[in-house]
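Novice: The structure is given below, and queries will be raised subsequently.
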Amino acid sequence: MTLILREIAHRRWGFLLGVGGVAATVAVFVAFLTTSEAARRETVRVMRDMGFNLRIIPRDTDLDRFWVDGFSDRTLPEDAVRRLAENDRTFMSYNHLVATLQRRVKVQGHDFVLTGLAPTITSPSKRKQPMGFTVEPGTVQLGYQVAESLGLKRGDAVGLEGRTYQVARCLVETGTEEDIRIYAALPDAQDILALPGRINEIKAIDCLCLTADEDPLSALRAELGNLLPEARVIQMRAIADARARQRQTADRYFGFL
């Protein structure tokens with residue numbers, strides 16, 4: 001040890017430079033790993049925020065009317081989403097399942113879309129943060145144009161088909177049909193529309209993450225035909241394709257790391 005200390009003292013500048021170089025290398029490596037992990041988390045967040053890319057609707061839906069109205073005029077039993085979630089194979093192809101019920105309603109002379117939302121169901125084996133948002137029973141969340149047209153703000157009361165609900169939130173302007181939506185808890189929407197135990201859509205995300213040229217829709221439809229034969233799935237291809245390409249790029253990059 002004495003000899004080592006003497007050698008260090010004799011070559012102290014070289015020793016200090018060597019120690020500094022090692023410390024700098026370690027610091028750069030740690031910073032690189034930290035930055036990479038932050039980038040991975042941000043990639044996951046961006047992919048999540050792209051939104052739902054699958055719409056599961058009743059098989060007997062008139063698609064011409066569906067695209068005009070924006071929702072199906074047919075319904076499914078509410079337990080369809082439970083049956084879908086309880087099948088072990090579902091979460092290999094689908095995730096973030098949200099049962100919804102949508103219909104047009106008239107409020108103070110204005111036409112809006114009432115949208116009932118159930119809590120998001122995610123894969124039990126993957127601890128994913130649920131997409132979308134939840135609405136507490138007895139409250140509603142108003143799209144931007146709804147709040148503007150009715151002159152309502154958070155904390156106000158609004159009447160819907162003889163029932164009164166508290167405005168929990170007024171959403172920001174999106175420039176889409178979301179601006180004319182009134183979001184309610186699914187049981188409340190079922191009461192308002194006199195459709196107890198019924199839904200007309202299940203929103204979801206596909207887990208295959210395949211681009212359009214890899215034809216994920218055929219696989220998704222075949223799987224749903226086995227899991228929920230009374231329904232059909234429509235893919236929002238632009239969102240699905242962007243999500244798949246982002247996922248594949250991230251997998252290649254972080255796989256290399």
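Just remember, in the structure tokens the first chain shown is A, the second B, etc., residues are 1-based per chain, and ligands are 1-based in the order shown.
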Neighbouring residues of Gly155 in chain A were defined as those with any atom within 8 Å, considering only C-alpha atoms; residues of the same chain fewer than 3 positions away were excluded. Please report them as a PDB file with C-alpha atoms, in the first residue's frame.
Specialist:
ATOM      1  CA  GLN A 166     -73.555  18.891 -11.566  1.00  0.00           C
ATOM      2  CA  VAL A 167     -70.981  20.140 -14.063  1.00  0.00           C
ATOM      3  CA  ALA A 168     -67.697  18.660 -12.848  1.00  0.00           C
ATOM      4  CA  ARG A 169     -65.577  19.988 -15.687  1.00  0.00           C
TER       5      ARG A 169
END
Novice: Write out as JSON lines a residue-level contact list of range 43-82 of chain A versus range 185-195 of chain A with cut-off 12 Å: for each qualifying residue the closest pair of atoms and the distance in Å to one decimal, counting only C-alpha atoms, rows sorted by chain and residue number upward.
Specialist:
{"residue": "A:Arg74", "atom": "CA", "partner": "A:Leu195", "partner_atom": "CA", "distance": 11.3}
{"residue": "A:Thr75", "atom": "CA", "partner": "A:Leu195", "partner_atom": "CA", "distance": 9.1}
{"residue": "A:Leu76", "atom": "CA", "partner": "A:Leu195", "partner_atom": "CA", "distance": 10.6}
{"residue": "A:Pro77", "atom": "CA", "partner": "A:Leu195", "partner_atom": "CA", "distance": 10.0}
{"residue": "A:Glu78", "atom": "CA", "partner": "A:Leu186", "partner_atom": "CA", "distance": 9.7}
Novice: Would you work out the distance separating CA of Leu101 in chain A from CA of Arg154 in chain A, expressed in Å to one decimal?
Specialist: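 For CA of Leu101 in chain A relative to CA of Arg154 in chain A, the distance reads 23.4 Å.
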Novice: With range 225-232 of chain A as the partner and 12 Å as the cut-off, tabulate the residues of range 98-212 of chain A that qualify, each row holding the nearest pair of atoms and their distance in Å to one decimal, using only C-alpha atoms, sorted by chain and rising number, as a Markdown table.
Specialist:
| residue | atom | partner | partner_atom | distance |
| --- | --- | --- | --- | --- |
| A:Ile199 | CA | A:Ala231 | CA | 11.7 |
| A:Asn200 | CA | A:Ala231 | CA | 9.9 |
| A:Glu201 | CA | A:Ala231 | CA | 9.2 |
| A:Ile202 | CA | A:Ala231 | CA | 9.6 |
| A:Lys203 | CA | A:Arg232 | CA | 11.8 |
Novice: Taking only range 103-232 of chain A into account, list the residues labelled alpha helix (DSSP H) by DSSP (computed from the backbone), as a list of chain:residue names.
Specialist: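 Going through range 103-232 of chain A, the alpha helix (DSSP H) residues come out as A:Tyr144, A:Gln145, A:Val146, A:Ala147, A:Glu148, A:Ser149, A:Leu150, A:Leu186, A:Pro187, A:Asp188, A:Ala189, A:Gln190, A:Asp191, A:Ile192, A:Leu193, A:Pro216, A:Leu217, A:Ser218, A:Ala219, A:Leu220, A:Arg221, A:Ala222, A:Glu223, A:Leu224, A:Gly225, A:Asn226, A:Leu227.
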Novice: For the interface of range 190-227 of chain A with range 82-93 of chain A (cut-off 12 Å, counting only C-alpha atoms), please tabulate each contacting residue of range 190-227 of chain A alongside its nearest pair of atoms and their separation in Å to one decimal, rows sorted by chain and increasing number, as a tab-separated table.
Specialist:
residue	atom	partner	partner_atom	distance
A:Ile199	CA	A:Arg82	CA	12.0
A:Ile202	CA	A:Leu84	CA	10.0
A:Ala204	CA	A:Ser93	CA	9.9
A:Ile205	CA	A:Ser93	CA	8.4
A:Asp206	CA	A:Ser93	CA	5.5
A:Cys207	CA	A:Ser93	CA	4.8
A:Leu208	CA	A:Ser93	CA	5.7
A:Cys209	CA	A:Ser93	CA	9.1
A:Leu210	CA	A:Ser93	CA	10.8
A:Pro216	CA	A:Ser93	CA	9.6
A:Leu217	CA	A:Ser93	CA	10.4
A:Ser218	CA	A:Ser93	CA	11.6
A:Ala219	CA	A:Ser93	CA	8.5
A:Leu220	CA	A:Ser93	CA	6.7
A:Arg221	CA	A:Ser93	CA	10.0
A:Ala222	CA	A:Ser93	CA	10.5
A:Glu223	CA	A:Ser93	CA	7.7
A:Leu224	CA	A:Thr90	CA	8.3
A:Gly225	CA	A:Leu84	CA	11.1
A:Asn226	CA	A:Arg89	CA	9.9
A:Leu227	CA	A:Leu84	CA	6.3
Novice: Would you mind exporting N, CA and C atoms of the selected residues as a compact mmCIF listing (two decimals), in the first residue's frame?
Specialist:
# COMPACT_ATOMS: atom_id res chain seq x y z
N ILE A 199 -75.21 -0.85 -24.14
CA ILE A 199 -74.13 -0.01 -24.66
C ILE A 199 -74.20 -0.08 -26.18
N ILE A 202 -67.67 -0.29 -27.76
CA ILE A 202 -66.54 -0.52 -26.85
C ILE A 202 -65.32 0.07 -27.53
N ALA A 204 -61.27 0.73 -27.75
CA ALA A 204 -60.12 -0.09 -27.36
C ALA A 204 -58.88 0.35 -28.13
N ILE A 205 -57.77 -0.24 -27.73
CA ILE A 205 -56.49 -0.08 -28.44
C ILE A 205 -56.02 -1.46 -28.85
N ASP A 206 -55.50 -1.57 -30.07
CA ASP A 206 -54.99 -2.88 -30.46
C ASP A 206 -53.57 -3.07 -29.95
N CYS A 207 -53.27 -4.29 -29.54
CA CYS A 207 -51.97 -4.62 -28.96
C CYS A 207 -51.02 -5.22 -29.99
N LEU A 208 -51.49 -5.42 -31.22
CA LEU A 208 -50.65 -6.05 -32.23
C LEU A 208 -49.57 -5.11 -32.72
N CYS A 209 -49.89 -3.81 -32.78
CA CYS A 209 -48.94 -2.79 -33.24
C CYS A 209 -48.32 -3.17 -34.58
N LEU A 210 -49.17 -3.53 -35.53
CA LEU A 210 -48.73 -3.83 -36.89
C LEU A 210 -49.17 -2.70 -37.80
N PRO A 216 -53.19 -5.84 -39.83
CA PRO A 216 -53.62 -6.22 -38.48
C PRO A 216 -55.13 -6.39 -38.36
N LEU A 217 -55.90 -5.72 -39.24
CA LEU A 217 -57.35 -5.72 -39.10
C LEU A 217 -57.94 -7.12 -39.30
N SER A 218 -57.38 -7.88 -40.22
CA SER A 218 -57.89 -9.24 -40.44
C SER A 218 -57.71 -10.08 -39.18
N ALA A 219 -56.55 -9.94 -38.54
CA ALA A 219 -56.30 -10.70 -37.31
C ALA A 219 -57.22 -10.24 -36.18
N LEU A 220 -57.43 -8.92 -36.08
CA LEU A 220 -58.29 -8.39 -35.03
C LEU A 220 -59.74 -8.84 -35.23
N ARG A 221 -60.21 -8.84 -36.46
CA ARG A 221 -61.59 -9.25 -36.73
C ARG A 221 -61.78 -10.75 -36.50
N ALA A 222 -60.78 -11.53 -36.88
CA ALA A 222 -60.87 -12.97 -36.64
C ALA A 222 -60.92 -13.27 -35.15
N GLU A 223 -60.09 -12.56 -34.38
CA GLU A 223 -60.06 -12.77 -32.93
C GLU A 223 -61.38 -12.35 -32.29
N LEU A 224 -61.92 -11.20 -32.70
CA LEU A 224 -63.18 -10.73 -32.13
C LEU A 224 -64.33 -11.66 -32.51
N GLY A 225 -64.27 -12.23 -33.71
CA GLY A 225 -65.31 -13.17 -34.12
C GLY A 225 -65.40 -14.36 -33.19
N ASN A 226 -64.27 -14.76 -32.63
CA ASN A 226 -64.25 -15.86 -31.67
C ASN A 226 -64.68 -15.41 -30.28
N LEU A 227 -64.27 -14.18 -29.91
CA LEU A 227 -64.52 -13.70 -28.55
C LEU A 227 -65.91 -13.10 -28.38
Novice: Which residue is closest to Val135 in chain A? Choose from A:Thr164, A:Thr100, A:Thr61, A:Gln108 and count only C-alpha atoms.
Specialist: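 Between A:Thr164, A:Thr100, A:Thr61, A:Gln108, the residue approaching Val135 in chain A most closely is A:Thr100.
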Novice: Given only C-alpha atoms as the basis, pick out the residue of A:His96, A:His110, A:Arg55, A:Arg65 nearest to Ile182 in chain A.
Specialist: A:His110
Novice: With distances taken over only C-alpha atoms, which residue among A:Leu97, A:Gly151, A:Val81, A:Glu136 lies nearest Leu54 in chain A?
Specialist: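 Going through A:Leu97, A:Gly151, A:Val81, A:Glu136 one by one, the smallest distance to Leu54 in chain A is for A:Leu97.
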